[in-house]
file target-v5.cif (mmCIF, C-alpha atoms)
data_protein
loop_
_atom_site.label_atom_id
_atom_site.label_comp_id
_atom_site.auth_asym_id
_atom_site.auth_seq_id
_atom_site.Cartn_x
_atom_site.Cartn_y
_atom_site.Cartn_z
CA ILE A 1 32.66 6.71 -52.06
CA LEU A 2 35.49 4.42 -53.19
CA ILE A 3 32.93 1.74 -54.00
CA ALA A 4 30.87 4.29 -55.95
CA ARG A 5 33.90 5.33 -57.99
CA LEU A 6 34.68 1.71 -58.79
CA VAL A 7 31.09 1.05 -59.85
CA LYS A 8 31.13 4.19 -62.01
CA LYS A 9 34.30 2.99 -63.70
CA MET A 10 32.61 -0.36 -64.39
CA ARG A 11 29.57 1.52 -65.78
CA LEU A 12 27.18 -0.15 -63.36
CA LYS A 13 24.08 1.48 -61.94
CA MET A 14 24.07 2.07 -58.22
CA ALA A 15 22.07 3.71 -55.48
CA VAL A 16 23.59 5.23 -52.36
CA LEU A 17 22.54 7.49 -49.53
CA VAL A 18 25.64 9.67 -49.59
CA GLY A 19 28.09 10.81 -52.25
CA ASN A 20 29.90 13.77 -53.76
CA GLY A 21 30.07 15.60 -57.04
CA ASP A 22 32.64 13.21 -58.50
CA VAL A 23 30.35 10.21 -58.20
CA PHE A 24 27.48 9.45 -60.53
CA CYS A 25 24.79 8.14 -58.24
CA ARG A 26 21.10 8.33 -57.48
CA MET A 27 20.49 10.13 -54.20
CA TYR A 28 17.63 9.39 -51.85
CA ASN A 29 15.98 12.31 -50.11
CA SER A 30 15.22 10.24 -47.03
CA LYS A 31 15.60 6.83 -45.46
CA LYS A 32 11.88 6.30 -46.02
CA GLU A 33 12.30 6.82 -49.76
CA ARG A 34 15.16 4.31 -49.78
CA ASN A 35 13.01 1.74 -47.96
CA GLU A 36 10.14 2.17 -50.39
CA SER A 37 12.51 1.64 -53.32
CA PHE A 38 13.87 -1.55 -51.78
CA MET A 39 10.48 -2.87 -50.66
CA ILE A 40 10.43 -5.80 -53.10
CA VAL A 41 13.87 -6.91 -51.95
CA LYS A 42 12.79 -6.63 -48.32
CA VAL A 43 9.63 -8.67 -48.89
CA LEU A 44 11.51 -11.44 -50.72
CA SER A 45 14.25 -11.44 -48.09
CA ALA A 46 11.62 -11.66 -45.35
CA THR A 47 9.97 -14.58 -47.15
CA ALA A 48 13.32 -16.38 -47.26
CA ILE A 49 13.89 -15.96 -43.52
CA VAL A 50 10.36 -17.24 -42.83
CA LEU A 51 10.97 -20.35 -44.97
CA PHE A 52 14.29 -20.94 -43.22
CA SER A 53 12.69 -20.53 -39.77
CA VAL A 54 9.81 -22.88 -40.61
CA THR A 55 12.27 -25.51 -41.87
CA LEU A 56 14.34 -25.27 -38.69
CA ILE A 57 11.36 -25.27 -36.30
CA LYS A 58 9.64 -28.23 -37.99
CA LYS A 59 12.85 -30.26 -37.84
CA ALA A 60 13.42 -29.38 -34.18
CA LYS A 61 9.88 -30.49 -33.33
CA GLN A 62 10.37 -33.75 -35.22
CA VAL A 63 13.56 -34.53 -33.29
CA LYS A 64 11.98 -33.61 -29.96
CA ARG A 65 9.09 -35.98 -30.64
CA ASN A 66 11.69 -38.73 -30.54
CA LYS A 67 12.72 -37.40 -27.10
CA GLU A 68 16.06 -36.22 -28.45
CA GLN A 69 17.87 -33.00 -27.65
CA THR A 70 18.50 -30.66 -30.59
CA ASN A 71 21.16 -28.20 -29.39
CA TYR A 72 24.54 -29.67 -28.43
CA LEU A 73 26.68 -26.57 -28.80
CA LEU A 74 29.12 -26.41 -25.86
CA ARG A 75 27.45 -29.44 -24.27
CA GLY A 76 28.75 -32.91 -23.53
CA ASN A 77 32.19 -34.35 -22.91
CA LYS A 78 34.14 -32.75 -25.75
CA THR A 79 37.70 -31.60 -26.22
CA LYS A 80 38.67 -28.01 -25.52
CA ARG A 81 39.31 -27.49 -29.23
CA THR A 82 35.81 -28.68 -30.12
CA LYS A 83 34.19 -26.39 -27.57
CA MET A 84 36.22 -23.41 -28.79
CA ILE A 85 35.06 -24.05 -32.36
CA GLU A 86 31.45 -24.38 -31.22
CA LEU A 87 31.77 -21.14 -29.28
CA PHE A 88 33.06 -19.47 -32.45
CA VAL A 89 30.02 -20.81 -34.33
CA LEU A 90 27.69 -19.53 -31.62
CA LEU A 91 29.22 -16.04 -31.52
CA SER A 92 29.28 -15.57 -35.30
CA ASN A 93 26.31 -17.38 -36.87
CA TYR A 94 23.59 -16.48 -34.39
CA PRO A 95 24.35 -12.72 -34.45
CA LEU A 96 24.42 -12.77 -38.27
CA LEU A 97 20.97 -14.37 -38.44
CA ILE A 98 19.70 -11.80 -35.95
CA LEU A 99 21.33 -9.05 -38.03
CA TRP A 100 19.50 -10.35 -41.11
CA PHE A 101 16.19 -10.03 -39.27
CA LEU A 102 17.07 -6.54 -38.03
CA TYR A 103 17.93 -5.43 -41.57
CA ILE A 104 14.57 -6.67 -42.84
CA MET A 105 12.71 -4.87 -40.07
CA ASP A 106 14.88 -1.76 -40.52
CA TRP A 107 15.65 -1.79 -36.81
CA ILE A 108 19.37 -1.17 -37.09
CA PRO A 109 21.01 2.25 -37.68
CA ILE A 110 23.32 1.13 -40.49
CA GLU A 111 22.94 2.64 -43.94
CA ILE A 112 23.08 0.04 -46.69
CA VAL A 113 24.65 0.64 -50.11
CA SER A 114 22.96 -0.83 -53.17
CA ILE A 115 25.24 -1.36 -56.18
CA GLY A 116 22.66 -2.50 -58.68
CA ILE A 117 19.79 -4.83 -59.33
CA ILE A 118 22.12 -7.56 -60.63
CA PHE A 119 23.68 -7.95 -57.20
CA GLU A 120 20.24 -7.95 -55.57
CA ILE A 121 19.04 -10.70 -57.93
CA ILE A 122 22.17 -12.77 -57.24
CA GLY A 123 21.74 -12.19 -53.50
CA LEU A 124 18.10 -13.29 -53.53
CA ASN A 125 18.93 -16.38 -55.59
CA CYS A 126 21.66 -17.29 -53.09
CA LEU A 127 19.17 -16.88 -50.23
CA TYR A 128 16.53 -19.13 -51.76
CA LEU A 129 18.98 -21.71 -53.09
CA GLY A 130 20.60 -21.84 -49.65
CA VAL A 131 17.24 -22.36 -47.92
CA GLY A 132 16.36 -25.09 -50.42
CA ILE A 133 19.65 -26.94 -49.92
CA TYR A 134 19.34 -26.60 -46.14
CA TYR A 135 15.82 -28.05 -46.24
CA THR A 136 17.00 -30.97 -48.39
CA ALA A 137 19.96 -31.64 -46.08
CA LEU A 138 17.74 -31.71 -42.98
CA ARG A 139 15.24 -33.98 -44.70
CA ASP A 140 17.95 -36.46 -45.71
CA LEU A 141 19.58 -36.37 -42.26
CA GLY A 142 16.42 -37.60 -40.56
CA ALA A 143 16.98 -38.32 -36.86
CA HIS A 144 20.72 -37.63 -37.19
CA TRP A 145 20.18 -33.85 -37.19
CA SER A 146 21.38 -31.69 -34.30
CA ILE A 147 23.02 -28.33 -33.72
CA GLY A 148 26.63 -28.83 -32.68
CA ILE A 149 28.59 -32.04 -32.31
CA LYS A 150 26.73 -34.83 -30.60
CA GLU A 151 29.00 -37.79 -29.89
CA SER A 152 26.19 -40.36 -29.74
CA ARG A 153 24.91 -39.18 -33.14
CA PHE A 154 27.89 -40.87 -34.72
CA ALA A 155 26.49 -44.38 -34.27
CA SER A 156 26.16 -44.15 -38.07
CA PHE A 157 26.48 -41.50 -40.72
CA VAL A 158 24.29 -40.49 -43.64
CA SER A 159 25.68 -41.03 -47.13
CA SER A 160 22.48 -41.08 -49.20
CA GLY A 161 20.42 -38.35 -50.86
CA ILE A 162 22.20 -35.02 -51.09
CA TYR A 163 24.96 -36.49 -48.92
CA GLN A 164 26.08 -38.50 -51.94
CA ILE A 165 27.36 -35.22 -53.39
CA CYS A 166 28.95 -33.49 -50.40
CA ARG A 167 29.48 -34.35 -46.74
CA HIS A 168 28.14 -31.11 -45.22
CA PRO A 169 25.34 -29.80 -47.46
CA ALA A 170 23.55 -28.08 -44.57
CA TYR A 171 26.61 -25.89 -44.04
CA PHE A 172 26.74 -25.20 -47.77
CA GLY A 173 23.12 -24.04 -47.54
CA PHE A 174 24.08 -21.69 -44.72
CA ILE A 175 27.03 -20.35 -46.71
CA LEU A 176 24.81 -19.55 -49.69
CA MET A 177 22.36 -17.75 -47.41
CA TYR A 178 25.19 -15.75 -45.84
CA VAL A 179 26.55 -14.75 -49.25
CA GLY A 180 23.03 -13.64 -50.16
CA ILE A 181 22.80 -11.54 -47.01
CA GLY A 182 26.17 -9.99 -47.80
CA LEU A 183 25.07 -9.04 -51.33
CA LEU A 184 21.70 -7.64 -50.28
CA TYR A 185 22.91 -5.67 -47.26
CA ILE A 186 26.29 -4.36 -48.36
CA HIS A 187 28.22 -2.97 -45.42
CA LEU A 188 31.67 -3.59 -43.96
CA PHE A 189 30.19 -4.94 -40.71
CA THR A 190 27.93 -7.34 -42.62
CA ALA A 191 30.86 -8.55 -44.73
CA LEU A 192 32.91 -9.18 -41.58
CA MET A 193 30.10 -11.19 -39.95
CA VAL A 194 29.58 -13.21 -43.13
CA ALA A 195 33.30 -14.04 -43.38
CA LEU A 196 33.52 -15.08 -39.72
CA SER A 197 30.38 -17.22 -39.95
CA ILE A 198 31.61 -19.05 -43.06
CA LEU A 199 34.99 -19.67 -41.42
CA SER A 200 33.32 -21.03 -38.28
CA LEU A 201 31.20 -23.47 -40.32
CA TYR A 202 34.29 -24.71 -42.15
CA LEU A 203 36.06 -25.33 -38.85
CA LEU A 204 33.01 -27.09 -37.41
CA ALA A 205 32.75 -29.35 -40.48
CA THR A 206 36.44 -30.21 -40.14
CA GLU A 207 36.00 -31.00 -36.44
CA GLU A 208 32.98 -33.23 -37.12
CA GLU A 209 35.07 -35.23 -39.54
CA VAL A 210 37.66 -35.87 -36.83
CA TYR A 211 34.95 -37.58 -34.75
CA LEU A 212 33.60 -39.46 -37.78
CA GLN A 213 36.99 -40.79 -38.85
CA GLU A 214 37.69 -42.02 -35.33
CA LYS A 215 34.27 -43.70 -35.17
CA PHE A 216 34.37 -45.17 -38.68
CA PRO A 217 38.06 -45.69 -39.58
CA ASP A 218 37.23 -47.93 -42.56
CA GLU A 219 33.98 -46.55 -44.03
CA TYR A 220 34.43 -42.80 -43.64
CA PRO A 221 37.75 -42.39 -45.54
CA LYS A 222 36.15 -44.18 -48.51
CA TYR A 223 33.14 -41.88 -48.26
CA LYS A 224 35.48 -38.87 -48.23
CA GLU A 225 37.23 -40.03 -51.38
CA ARG A 226 34.05 -39.95 -53.47
CA THR A 227 32.46 -36.77 -52.09
CA SER A 228 33.29 -33.10 -51.66
CA LYS A 229 33.51 -31.54 -48.23
CA ILE A 230 31.16 -28.54 -48.35
CA VAL A 231 30.94 -27.12 -51.87
CA PRO A 232 29.50 -29.75 -54.26
CA PHE A 233 31.83 -31.22 -56.86
CA ILE A 234 34.94 -29.62 -55.32
CA LYS A 235 36.72 -32.50 -53.64
CA LYS A 236 38.88 -31.13 -50.84
#
call {"tool": "encode", "arguments": {"input": "target-v5.cif", "output": "structure tokens"}}
result
Amino acid sequence: ILIARLVKKMRLKMAVLVGNGDVFCRMYNSKKERNESFMIVKVLSATAIVLFSVTLIKKAKQVKRNKEQTNYLLRGNKTKRTKMIELFVLLSNYPLLILWFLYIMDWIPIEIVSIGIIFEIIGLNCLYLGVGIYYTALRDLGAHWSIGIKESRFASFVSSGIYQICRHPAYFGFILMYVGIGLLYIHLFTALMVALSILSLYLLATEEEVYLQEKFPDEYPKYKERTSKIVPFIKK
């Protein structure tokens, strides 16, 4: 209701399932009617998750053909700090991706608030831009790709392609996708999961750089000076 009042004050169109007489809103007679109205958004969101899944599966198969392991989360001889960060990543990112799928399939009993087509368009653009950046990052990584920190992966580091712009473009792709999910499926729980997932990716990127700077004490600091960390063109 507070969100509806704010949107009314901003003179934006919105659609909600519940409201009161003080709020100007379009009411749905049933959940089925709501789903039919949002069908285009659901189809486009489903297409995005299919493209993301295909990208991830194809890359995993490519790495496995080289007889390499793909998932290194919580595996290997790592510090306690590193494993705690990886656990945070595991407990935030995976559930959010599952939640995205459940929203698309309408298998979760959470009512979503729509606050206008502009936010849906922005959300969908974030989804597709995120998938595109993630695909590009995985392509440019080549055999260096893995999930989690793999110590032996740091025999060298990639600084070409999209990695000339930022050091962790794959994480930036994830962040864009998560923002898109948050805009398309507006709910406090979704917002919390998105925030935790983004924070976990930032911490993981920071931890990876600790390993890289120890492995490449001369080359990596120079690489850091000319690139941004996660968000392109923001050097921090």
call {"tool": "resolve_selection", "arguments": {"input": "target-v5.cif", "expression": "the PyMOL selection byres ((chain A and resi 218-229) around 9)", "output": "number ranges by chain"}}
result
A: 157, 159, 163-169, 205-206, 209, 212-217, 230-236
call {"tool": "resolve_selection", "arguments": {"input": "target-v5.cif", "expression": "the PyMOL selection byres ((chain A and resi 64-75) around 12)", "output": "number ranges by chain"}}
result
A: 56-63, 76-91, 94, 142-153, 204
call {"tool": "atom_distance", "arguments": {"input": "target-v5.cif", "atom1": "atom CA of Val113 of chain A", "atom2": "atom CA of Cys126 of chain A"}}
result
18.4 Å
call {"tool": "residues_around", "arguments": {"input": "target-v5.cif", "residues": "Ala137 of chain A", "least_positions_apart": "2", "cutoff": "10 Å", "atoms": "all atoms listed in the file", "output": "list of chain:residue names"}}
result
A:Val131, A:Gly132, A:Ile133, A:Tyr134, A:Tyr135, A:Arg139, A:Asp140, A:Leu141, A:Gly142, A:Trp145, A:Gly161, A:Ile162, A:Tyr163, A:Arg167, A:His168, A:Pro169, A:Ala170, A:Tyr171, A:Phe172, A:Gly173
call {"tool": "axis_aligned_box", "arguments": {"input": "target-v5.cif", "around": "segment 138-146 of chain A", "padding_each_side": "4 Å", "output": "AutoDock Vina command-line options"}}
result
--center_x 18.3 --center_y -35.0 --center_z -40.0 --size_x 14.1 --size_y 14.6 --size_z 19.4
call {"tool": "atom_distance", "arguments": {"input": "target-v5.cif", "atom1": "atom CA of Ile108 of chain A", "atom2": "atom CA of Phe189 of chain A"}}
result
12.0 Å
